[in-house]
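Next up, run-v4.csv (CSV, C-alpha atoms):
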```csv
chain,number,residue,atom,x,y,z
U,190,MET,CA,35.6,12.2,-36.3
U,191,PRO,CA,33.8,12.0,-32.9
U,192,THR,CA,34.5,8.9,-30.8
U,193,PHE,CA,32.1,7.4,-28.3
U,194,THR,CA,32.1,4.4,-25.9
U,195,ALA,CA,29.7,1.6,-26.7
U,196,GLU,CA,27.7,2.5,-23.5
U,197,GLN,CA,27.3,6.1,-24.6
U,198,LEU,CA,25.9,5.1,-27.9
U,199,LYS,CA,23.6,2.6,-26.3
U,200,ARG,CA,22.3,5.3,-23.8
U,201,VAL,CA,21.6,7.7,-26.6
U,202,GLY,CA,20.1,5.2,-29.0
U,203,ILE,CA,17.8,3.6,-26.3
U,204,ALA,CA,16.6,7.1,-25.2
U,205,ILE,CA,15.8,8.0,-28.8
U,206,PHE,CA,13.8,4.8,-29.5
U,207,GLU,CA,11.9,5.2,-26.2
U,208,ALA,CA,11.0,8.8,-27.0
U,209,ALA,CA,9.6,7.5,-30.3
U,210,GLY,CA,7.3,5.2,-28.4
U,211,THR,CA,9.3,2.0,-28.4
U,212,PRO,CA,9.0,-0.2,-25.3
U,213,SER,CA,12.2,-0.3,-23.2
U,214,ASP,CA,13.0,-4.0,-23.9
U,215,GLU,CA,12.6,-3.6,-27.6
U,216,ALA,CA,14.6,-0.4,-27.6
U,217,ARG,CA,17.4,-2.1,-25.8
U,218,GLN,CA,17.4,-5.2,-28.0
U,219,THR,CA,17.5,-3.1,-31.2
U,220,VAL,CA,20.2,-0.6,-30.0
U,221,GLU,CA,22.4,-3.3,-28.5
U,222,LEU,CA,22.6,-5.1,-31.9
U,223,LEU,CA,23.2,-1.8,-33.8
U,224,VAL,CA,26.1,-0.9,-31.5
U,225,LYS,CA,27.4,-4.5,-31.7
U,226,SER,CA,27.7,-4.0,-35.5
U,227,ASN,CA,29.8,-0.9,-34.9
U,228,LEU,CA,31.9,-2.7,-32.4
U,229,CYS,CA,32.5,-5.5,-34.9
U,230,GLY,CA,33.6,-3.1,-37.6
U,231,HIS,CA,30.4,-3.1,-39.6
U,232,ASP,CA,29.4,0.5,-39.3
U,233,SER,CA,27.0,0.1,-42.3
U,234,HIS,CA,24.6,-1.8,-40.0
U,235,GLY,CA,25.3,0.2,-36.9
U,236,VAL,CA,24.0,3.4,-35.3
U,237,ARG,CA,23.8,5.1,-38.6
U,238,ARG,CA,20.5,3.2,-39.0
U,239,ILE,CA,18.9,5.0,-36.0
U,240,PRO,CA,17.4,8.0,-38.0
U,241,GLU,CA,16.1,5.6,-40.7
U,242,TYR,CA,14.4,3.3,-38.1
U,243,ILE,CA,12.9,6.3,-36.2
U,244,ASP,CA,11.5,7.8,-39.4
U,245,LYS,CA,9.7,4.5,-40.1
U,246,ILE,CA,8.3,4.4,-36.6
U,247,LEU,CA,7.0,7.9,-36.7
U,248,ASN,CA,5.5,7.4,-40.2
U,249,GLY,CA,3.8,4.2,-39.1
U,250,LEU,CA,5.8,1.9,-41.3
U,251,CYS,CA,7.5,0.2,-38.4
U,252,LYS,CA,5.4,-0.8,-35.4
U,253,PRO,CA,7.1,-1.4,-32.1
U,254,ARG,CA,5.0,-3.5,-29.7
U,255,SER,CA,3.7,-5.7,-32.5
U,256,GLU,CA,3.5,-9.4,-31.8
U,257,ILE,CA,4.6,-11.9,-34.4
U,258,LYS,CA,1.9,-14.2,-35.8
U,259,VAL,CA,2.5,-17.8,-36.8
U,260,VAL,CA,0.6,-18.2,-40.0
U,261,ARG,CA,1.4,-21.8,-40.8
U,262,GLU,CA,3.3,-24.4,-38.7
U,263,SER,CA,4.5,-28.0,-38.5
U,264,ALA,CA,6.8,-29.7,-36.0
U,265,THR,CA,9.9,-28.5,-37.8
U,266,THR,CA,8.7,-25.4,-39.7
U,267,ALA,CA,6.8,-22.1,-39.3
U,268,LEU,CA,5.7,-19.3,-41.6
U,269,VAL,CA,5.6,-16.1,-39.6
U,270,ASP,CA,4.1,-12.6,-40.1
U,271,GLY,CA,6.4,-10.2,-38.5
U,272,CYS,CA,3.6,-7.6,-38.4
U,273,TRP,CA,6.1,-4.8,-39.1
U,274,GLY,CA,7.8,-5.0,-35.8
U,275,LEU,CA,11.3,-3.8,-35.3
U,276,GLY,CA,13.5,-6.1,-37.4
U,277,GLN,CA,15.9,-7.0,-34.7
U,278,VAL,CA,13.1,-7.9,-32.3
U,279,VAL,CA,11.2,-10.0,-34.8
U,280,ALA,CA,14.3,-11.8,-36.1
U,281,MET,CA,15.3,-12.7,-32.5
U,282,LYS,CA,11.9,-14.1,-31.8
U,283,THR,CA,11.8,-16.2,-35.0
U,284,MET,CA,15.3,-17.5,-34.5
U,285,LYS,CA,14.3,-18.6,-31.0
U,286,LEU,CA,11.3,-20.4,-32.6
U,287,ALA,CA,13.6,-22.2,-35.0
U,288,ILE,CA,15.9,-23.2,-32.1
U,289,GLY,CA,13.0,-24.4,-30.0
U,290,LYS,CA,11.8,-26.7,-32.9
U,291,ALA,CA,15.4,-28.0,-33.3
U,292,GLU,CA,15.6,-28.8,-29.6
U,293,LYS,CA,12.6,-31.2,-30.0
U,294,TYR,CA,12.9,-32.4,-33.6
U,295,ASP,CA,16.6,-31.9,-34.5
U,296,VAL,CA,15.9,-29.1,-37.1
U,297,GLY,CA,13.9,-26.0,-37.1
U,298,MET,CA,13.1,-23.8,-40.1
U,299,VAL,CA,11.3,-20.5,-40.0
U,300,SER,CA,10.4,-18.1,-42.8
U,301,THR,CA,9.2,-14.6,-42.1
U,302,PHE,CA,7.6,-11.8,-44.0
U,303,ASN,CA,6.5,-8.2,-43.0
U,304,CYS,CA,9.7,-7.6,-41.2
U,305,CYS,CA,11.6,-4.3,-40.9
U,306,HIS,CA,15.3,-4.0,-41.4
U,307,MET,CA,17.0,-6.5,-39.1
U,308,GLY,CA,20.7,-5.7,-39.4
U,309,ARG,CA,23.5,-8.3,-39.4
U,310,MET,CA,22.7,-11.9,-40.2
U,311,ALA,CA,25.5,-13.1,-37.8
U,312,ASP,CA,23.6,-11.9,-34.7
U,313,TYR,CA,20.8,-14.4,-35.3
U,314,ALA,CA,22.9,-17.3,-36.6
U,315,LEU,CA,25.0,-17.0,-33.5
U,316,MET,CA,22.0,-17.5,-31.2
U,317,ALA,CA,22.1,-21.2,-32.1
U,318,VAL,CA,25.7,-21.8,-31.1
U,319,PRO,CA,25.1,-22.0,-27.3
U,320,HIS,CA,22.6,-24.7,-27.9
U,321,ASP,CA,25.1,-26.8,-29.8
U,322,MET,CA,23.4,-26.1,-33.1
U,323,ILE,CA,24.4,-24.6,-36.4
U,324,GLY,CA,22.6,-21.4,-37.1
U,325,ILE,CA,21.7,-20.1,-40.5
U,326,CYS,CA,20.0,-16.8,-41.4
U,327,LEU,CA,19.3,-15.3,-44.9
U,328,ALA,CA,17.4,-12.2,-45.8
U,329,ILE,CA,16.4,-10.0,-48.7
U,330,GLY,CA,15.1,-6.5,-49.1
U,331,HIS,CA,14.8,-4.2,-52.1
U,332,GLY,CA,16.6,-4.6,-55.4
U,333,ARG,CA,20.2,-3.2,-55.0
U,334,MET,CA,22.3,-5.5,-57.1
U,335,ALA,CA,22.5,-6.1,-60.8
U,336,PRO,CA,22.4,-9.7,-62.1
U,337,TYR,CA,25.6,-10.9,-63.8
U,338,GLY,CA,25.6,-9.3,-67.3
U,339,GLY,CA,22.9,-6.9,-66.4
U,340,VAL,CA,22.6,-3.2,-65.4
U,341,GLU,CA,19.3,-2.9,-63.4
U,342,PRO,CA,19.3,-3.3,-59.6
U,343,ILE,CA,16.9,-6.3,-59.6
U,344,LEU,CA,18.3,-8.5,-56.8
U,345,ASN,CA,19.0,-7.7,-53.2
U,346,THR,CA,22.6,-7.9,-51.9
U,347,SER,CA,21.2,-11.1,-50.3
U,348,PRO,CA,23.1,-11.5,-47.0
U,349,VAL,CA,23.8,-14.9,-45.5
U,350,GLY,CA,24.9,-15.6,-42.0
U,351,ILE,CA,26.1,-19.1,-40.8
U,352,ALA,CA,27.4,-19.8,-37.3
U,353,ILE,CA,29.0,-23.1,-36.3
U,354,PRO,CA,30.2,-24.1,-32.9
U,355,ALA,CA,33.8,-25.1,-32.3
U,356,GLY,CA,35.4,-26.6,-29.2
U,357,LYS,CA,38.3,-24.5,-27.8
U,358,GLU,CA,38.4,-22.2,-30.8
U,359,PRO,CA,35.9,-19.4,-31.4
U,360,PRO,CA,32.9,-20.4,-33.4
U,361,PHE,CA,33.0,-20.2,-37.2
U,362,VAL,CA,30.9,-17.2,-38.2
U,363,LEU,CA,30.4,-16.3,-41.9
U,364,ASP,CA,28.3,-13.2,-42.6
U,365,ILE,CA,28.5,-12.0,-46.2
U,366,SER,CA,26.3,-10.6,-48.9
U,367,MET,CA,26.2,-12.0,-52.4
U,368,ALA,CA,27.2,-8.6,-53.7
U,369,VAL,CA,30.7,-7.1,-53.5
U,370,CYS,CA,29.4,-5.1,-50.6
U,371,ALA,CA,26.2,-4.3,-48.7
U,372,ALA,CA,24.1,-1.3,-49.7
U,373,GLY,CA,24.8,0.2,-46.2
U,374,LYS,CA,28.5,0.2,-47.0
U,375,VAL,CA,27.9,2.4,-50.1
U,376,MET,CA,25.9,4.8,-47.9
U,377,HIS,CA,28.5,4.7,-45.2
U,378,ALA,CA,31.2,5.7,-47.8
U,379,LEU,CA,28.9,8.6,-48.9
U,380,GLU,CA,28.5,9.8,-45.3
U,381,LYS,CA,32.3,9.7,-44.9
U,382,GLY,CA,32.8,11.6,-48.2
U,383,GLU,CA,34.8,8.7,-49.6
U,384,ASN,CA,34.8,6.9,-52.9
U,385,LEU,CA,34.3,3.2,-53.2
U,386,PRO,CA,37.0,0.8,-54.4
U,387,GLU,CA,36.8,-0.1,-58.1
U,388,GLY,CA,34.6,-3.0,-59.0
U,389,TYR,CA,31.9,-2.3,-56.4
U,390,ILE,CA,29.2,-0.4,-58.3
U,391,ILE,CA,28.1,0.7,-61.7
U,392,ASP,CA,26.1,3.8,-62.7
U,393,LYS,CA,22.6,3.7,-64.3
U,394,GLU,CA,24.2,3.2,-67.8
U,395,GLY,CA,26.2,0.2,-66.5
U,396,LYS,CA,29.5,2.0,-66.5
U,397,PRO,CA,32.0,1.2,-63.7
U,398,THR,CA,32.2,4.0,-61.1
U,399,THR,CA,33.6,4.6,-57.6
U,400,ASN,CA,31.3,7.5,-56.7
U,401,PRO,CA,28.6,6.4,-54.3
U,402,GLU,CA,26.4,9.2,-55.6
U,403,ASP,CA,26.0,7.3,-58.9
U,404,TYR,CA,24.5,4.4,-57.0
U,405,LEU,CA,21.8,6.7,-55.6
U,406,LYS,CA,21.1,8.0,-59.1
U,407,GLY,CA,20.0,4.6,-60.4
U,408,GLY,CA,23.1,2.6,-60.3
U,409,ALA,CA,23.6,-0.8,-58.9
U,410,ILE,CA,26.0,-2.9,-56.8
U,411,LEU,CA,27.8,-5.7,-58.5
U,412,PRO,CA,27.6,-9.4,-57.5
U,413,PHE,CA,30.8,-10.8,-55.9
U,414,GLY,CA,33.2,-12.8,-57.9
U,415,GLY,CA,34.8,-10.4,-60.4
U,416,PRO,CA,35.4,-12.5,-63.6
U,417,VAL,CA,33.2,-15.3,-62.1
U,418,ALA,CA,30.5,-13.0,-60.7
U,419,TYR,CA,27.9,-15.4,-62.0
U,420,LYS,CA,28.6,-17.3,-58.7
U,421,GLY,CA,27.5,-14.4,-56.5
U,422,TYR,CA,24.6,-13.7,-58.8
U,423,GLY,CA,23.5,-17.4,-58.7
U,424,LEU,CA,23.7,-17.5,-54.9
U,425,ALA,CA,21.7,-14.2,-54.7
U,426,MET,CA,18.9,-15.8,-56.6
U,427,VAL,CA,18.9,-18.7,-54.1
U,428,VAL,CA,18.6,-16.3,-51.2
U,429,ASP,CA,15.9,-14.3,-53.1
U,430,ILE,CA,13.9,-17.6,-53.5
U,431,LEU,CA,14.4,-18.9,-49.9
U,432,ALA,CA,14.0,-15.6,-48.0
U,433,GLY,CA,11.7,-13.8,-50.5
U,434,ILE,CA,9.5,-16.1,-52.5
U,435,LEU,CA,9.3,-18.9,-49.9
U,436,SER,CA,8.3,-16.5,-47.2
U,437,GLY,CA,5.7,-14.8,-49.3
U,438,ARG,CA,7.5,-11.4,-49.1
U,439,GLY,CA,8.2,-11.7,-52.8
U,440,SER,CA,11.3,-11.1,-54.9
U,441,ALA,CA,13.5,-8.1,-54.3
U,442,PHE,CA,12.6,-6.5,-57.6
U,443,ASP,CA,8.9,-6.2,-56.8
U,444,PRO,CA,8.2,-2.5,-56.1
U,445,THR,CA,4.9,-3.2,-54.4
U,446,ARG,CA,6.8,-5.1,-51.6
U,447,ARG,CA,8.8,-3.5,-48.8
U,448,GLU,CA,11.3,-4.3,-46.2
U,449,GLN,CA,12.7,-7.8,-45.5
U,450,GLY,CA,11.9,-11.5,-45.9
U,451,ILE,CA,13.8,-13.9,-43.8
U,452,PHE,CA,14.7,-17.6,-43.8
U,453,GLN,CA,16.3,-19.0,-40.6
U,454,MET,CA,17.4,-22.5,-39.7
U,455,ALA,CA,18.8,-24.3,-36.6
U,456,ILE,CA,20.4,-27.7,-36.9
U,457,LYS,CA,21.0,-29.8,-33.9
U,458,ILE,CA,24.5,-31.3,-34.2
U,459,GLU,CA,23.9,-34.4,-32.1
U,460,ALA,CA,21.4,-35.5,-34.6
U,461,PHE,CA,24.3,-36.2,-36.9
U,462,GLN,CA,27.5,-36.5,-34.8
U,463,PRO,CA,28.5,-36.6,-31.1
U,464,VAL,CA,28.8,-32.9,-30.2
U,465,ASP,CA,32.3,-33.1,-28.6
U,466,GLU,CA,33.6,-35.0,-31.6
U,467,PHE,CA,32.1,-32.5,-34.0
U,468,LYS,CA,33.6,-29.6,-32.1
U,469,ALA,CA,37.0,-31.2,-31.9
U,470,ASN,CA,37.0,-31.7,-35.7
U,471,VAL,CA,36.0,-28.1,-36.3
U,472,ASP,CA,38.9,-27.1,-34.1
U,473,ARG,CA,41.2,-29.3,-36.1
U,474,LEU,CA,40.0,-27.7,-39.3
U,475,ILE,CA,40.5,-24.2,-38.0
U,476,ARG,CA,44.0,-25.0,-36.6
U,477,ARG,CA,45.1,-26.7,-39.8
U,478,ILE,CA,44.1,-23.7,-41.9
U,479,LYS,CA,45.7,-21.2,-39.4
U,480,LYS,CA,49.0,-23.1,-39.6
U,481,SER,CA,49.0,-23.6,-43.3
U,482,LYS,CA,51.5,-21.9,-45.6
U,483,ARG,CA,50.7,-18.3,-46.2
U,484,ALA,CA,50.7,-16.5,-49.6
U,485,ALA,CA,53.0,-13.6,-50.2
U,486,GLY,CA,51.9,-10.5,-48.5
U,487,PHE,CA,49.8,-12.2,-45.8
U,488,GLU,CA,50.9,-12.2,-42.2
U,489,GLU,CA,48.3,-14.7,-41.1
U,490,ILE,CA,45.2,-16.6,-42.3
U,491,LEU,CA,42.0,-15.5,-40.6
U,492,ILE,CA,39.0,-17.6,-40.0
U,493,PRO,CA,35.5,-16.1,-40.8
U,494,GLY,CA,34.4,-14.3,-37.7
U,495,GLU,CA,37.9,-13.8,-36.3
U,496,ILE,CA,38.3,-10.2,-37.5
U,497,GLU,CA,35.0,-9.2,-35.9
U,498,LEU,CA,36.1,-10.5,-32.6
U,499,ARG,CA,39.3,-8.5,-32.8
U,500,ASN,CA,37.5,-5.4,-33.9
U,501,GLU,CA,35.1,-5.7,-31.0
U,502,LYS,CA,37.9,-6.0,-28.5
U,503,LYS,CA,39.7,-3.0,-30.0
U,504,ASN,CA,36.7,-0.8,-30.3
U,505,LEU,CA,35.6,-1.6,-26.7
U,506,GLU,CA,39.0,-0.3,-25.6
U,507,ARG,CA,39.4,2.8,-27.9
U,508,GLY,CA,35.8,3.7,-28.6
U,509,ILE,CA,33.7,3.8,-31.7
U,510,GLU,CA,34.3,6.4,-34.4
U,511,VAL,CA,31.2,7.9,-35.9
U,512,PRO,CA,31.4,10.0,-39.1
U,513,GLU,CA,30.3,13.7,-38.6
U,514,LYS,CA,27.4,13.3,-41.1
U,515,THR,CA,26.1,10.2,-39.3
U,516,TRP,CA,26.3,11.8,-35.9
U,517,ASN,CA,24.6,14.9,-37.1
U,518,GLY,CA,21.8,12.8,-38.4
U,519,ILE,CA,21.4,11.1,-35.0
U,520,LEU,CA,21.5,14.5,-33.2
U,521,GLN,CA,18.8,15.9,-35.5
U,522,THR,CA,16.6,12.8,-34.8
U,523,ALA,CA,17.2,13.3,-31.0
U,524,LYS,CA,16.3,17.0,-31.2
U,525,ARG,CA,13.1,16.1,-33.1
U,526,LEU,CA,12.1,13.9,-30.1
U,527,ASN,CA,13.4,16.3,-27.4
U,528,VAL,CA,16.1,13.9,-26.3
U,529,ASP,CA,18.9,15.6,-24.4
U,530,VAL,CA,22.0,13.9,-25.9
U,531,GLU,CA,24.6,15.9,-24.0
U,532,SER,CA,23.3,14.8,-20.7
U,533,LEU,CA,23.3,11.2,-21.9
U,534,LEU,CA,26.9,11.4,-23.1
U,535,SER,CA,28.3,13.4,-20.2
U,536,ASN,CA,31.8,11.9,-20.5
U,537,ARG,CA,32.1,11.8,-24.3
U,538,SER,CA,35.6,11.8,-25.7
U,539,THR,CA,36.2,13.4,-29.1
U,540,LYS,CA,39.1,12.7,-31.4
U,541,THR,CA,39.9,14.1,-34.8
```
Mind turning the file's structure into structure tokens?
Amino acid sequence: MPTFTAEQLKRVGIAIFEAAGTPSDEARQTVELLVKSNLCGHDSHGVRRIPEYIDKILNGLCKPRSEIKVVRESATTALVDGCWGLGQVVAMKTMKLAIGKAEKYDVGMVSTFNCCHMGRMADYALMAVPHDMIGICLAIGHGRMAPYGGVEPILNTSPVGIAIPAGKEPPFVLDISMAVCAAGKVMHALEKGENLPEGYIIDKEGKPTTNPEDYLKGGAILPFGGPVAYKGYGLAMVVDILAGILSGRGSAFDPTRREQGIFQMAIKIEAFQPVDEFKANVDRLIRRIKKSKRAAGFEEILIPGEIELRNEKKNLERGIEVPEKTWNGILQTAKRLNVDVESLLSNRSTKT
């Protein structure tokens, strides 16, 4: 499997987006977040998305240079039309809008429609942390997940990102889908030629399967929770309502709607507690959990967000592995746009 440095992937990605007509600043914002996903260990939301995004740009479905439009606004809320801009660019702007409102009025809530795929929720929730705020980001897209007891892919995997500042400890960062896995992870397994673990997906008849091909043939991802999967299903409905119906994007099952609806919130901590006291108490919670008695087979107890920090450090040192099928897709996209990948890589290292 070829291995690249983060900087190599950024150079290649930015050049491809620029060749497709994307302004340099938007290309950089988008690619940096894609590569960040790879660094953190979430390849499903990483550079494998480049061909998909470029296809949408070239087909006029995604429109770089678009400016977001505030459709409706109050002191603490805003409804935003993303105008089909690049998802990462739009979501960063709308999260900044939520943070700005929270700076003045203690809380900011922004709901967005007409937004292209935006990647990981954590990237936007984390934007609130340096402002001593709690950040929340929810999104929906197309139907990928079956409801509890159902077979049809009616609901989206409904990702949720929540970031909370700590004191001396790293921030708490929860980024999960309401499904057993994100749709991108199914596709990533397909690209690697691997089966999925049992309990992830069903085929179009509702039978359990581990073959990602069955998902593409009309199957569905299952809600998280196993025997109590009604919990993941119920939370997915909440996300569908907040990010889909509230934004005007519509529910995930609606075939006439496309791309993502978003709900973002920033909460100023000092509106409720002194910031230093709050952070100290979050530290105490984290340390108490880390020091608690471990179950058999566990070497340590991890805090949400901790594994991503470790992955990022490791992958910055050793490089990012990209499946051959994924890399070939990127090369084909680059060739389509006359981008000289070899000159951009120059010092690429390859491992098998």
**Fill in**
Min atom-atom distance to Pro342 of chain U from the set U:Gly439, U:Gly271, U:Gly382, U:Pro444, counting all atoms listed in the file, belongs to U:Pro444
**Item:** Point-to-point distance in Å for atom CA of His377 of chain U and atom CA of Ile519 of chain U
**Value:** 14.0 Å
**Request:** Go through U:Ile391, U:Leu526, U:Ala314, U:Ala216 and flag the residue nearest Asp244 of chain U, using all atoms listed in the file for the distances.
**Result:**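 So, comparing all the options, the nearest one is U:Leu526.
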**Item:** Atom pair atom CA of Glu501 of chain U / atom CA of Phe361 of chain U: separation (Å)
**Value:** 15.9 Å
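The interatomic distance for the pair atom CA of Pro463 of chain U and atom CA of Val296 of chain U works out to 15.8 Å.
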**Prompt:** So, counting only C-alpha atoms, which residue among U:Ser481, U:Trp516, U:Cys370, U:Gly433 is closest to Phe413 of chain U?
**Reply:** U:Cys370
**Fill in**
Residue with the minimum atom-to-atom distance to Glu341 of chain U, picked from U:His320, U:Lys503, U:Lys396, U:Arg237 with only C-alpha atoms counted, is U:Lys396
**Message:** Neighbouring residues of Thr399 of chain U were defined as those with any atom within 8 Å, considering all atoms listed in the file; residues of the same chain fewer than 2 positions away were excluded. Please report them as a ChimeraX atom specification.
**Reply:** /U:384-391,397,401
**Item:** Nearest to Pro354 of chain U by atom-to-atom distance, counting all atoms listed in the file, from U:Glu292, U:Glu466, U:Glu489, U:Glu506
**Value:**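 Nearest to Pro354 of chain U: U:Glu466.
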Each segment 242-333 of chain U residue no farther than 12 Å from segment 418-431 of chain U, nearest pair in Å, only C-alpha atoms, as a tab-separated table:
```
residue	atom	partner	partner_atom	distance
U:Met298	CA	U:Leu431	CA	11.0
U:Val299	CA	U:Leu431	CA	10.5
U:Ser300	CA	U:Leu431	CA	8.2
U:Thr301	CA	U:Leu431	CA	10.3
U:Phe302	CA	U:Leu431	CA	11.5
U:Ile325	CA	U:Val428	CA	11.8
U:Cys326	CA	U:Val428	CA	9.9
U:Leu327	CA	U:Val428	CA	6.4
U:Ala328	CA	U:Val428	CA	6.9
U:Ile329	CA	U:Asp429	CA	6.2
U:Gly330	CA	U:Asp429	CA	8.8
U:His331	CA	U:Asp429	CA	10.2
U:Gly332	CA	U:Asp429	CA	10.0
U:Arg333	CA	U:Ala425	CA	11.1
```
**Item:** Nearest to Gly494 of chain U, chosen from U:Met334, U:Met307, U:Leu363, U:Ala287, with only C-alpha atoms counted in the distances
**Value:**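 Answer, going by the shortest atom-to-atom distance: U:Leu363.
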**Request:** For Ile288 of chain U, work out the shell of residues within 10 Å, counting all atoms listed in the file and skipping chain neighbours fewer than 3 positions away, then give it as an MDAnalysis selection string.
**Result:** chainID U and resid 265 282:285 291:299 316:318 320 322:324 453:457
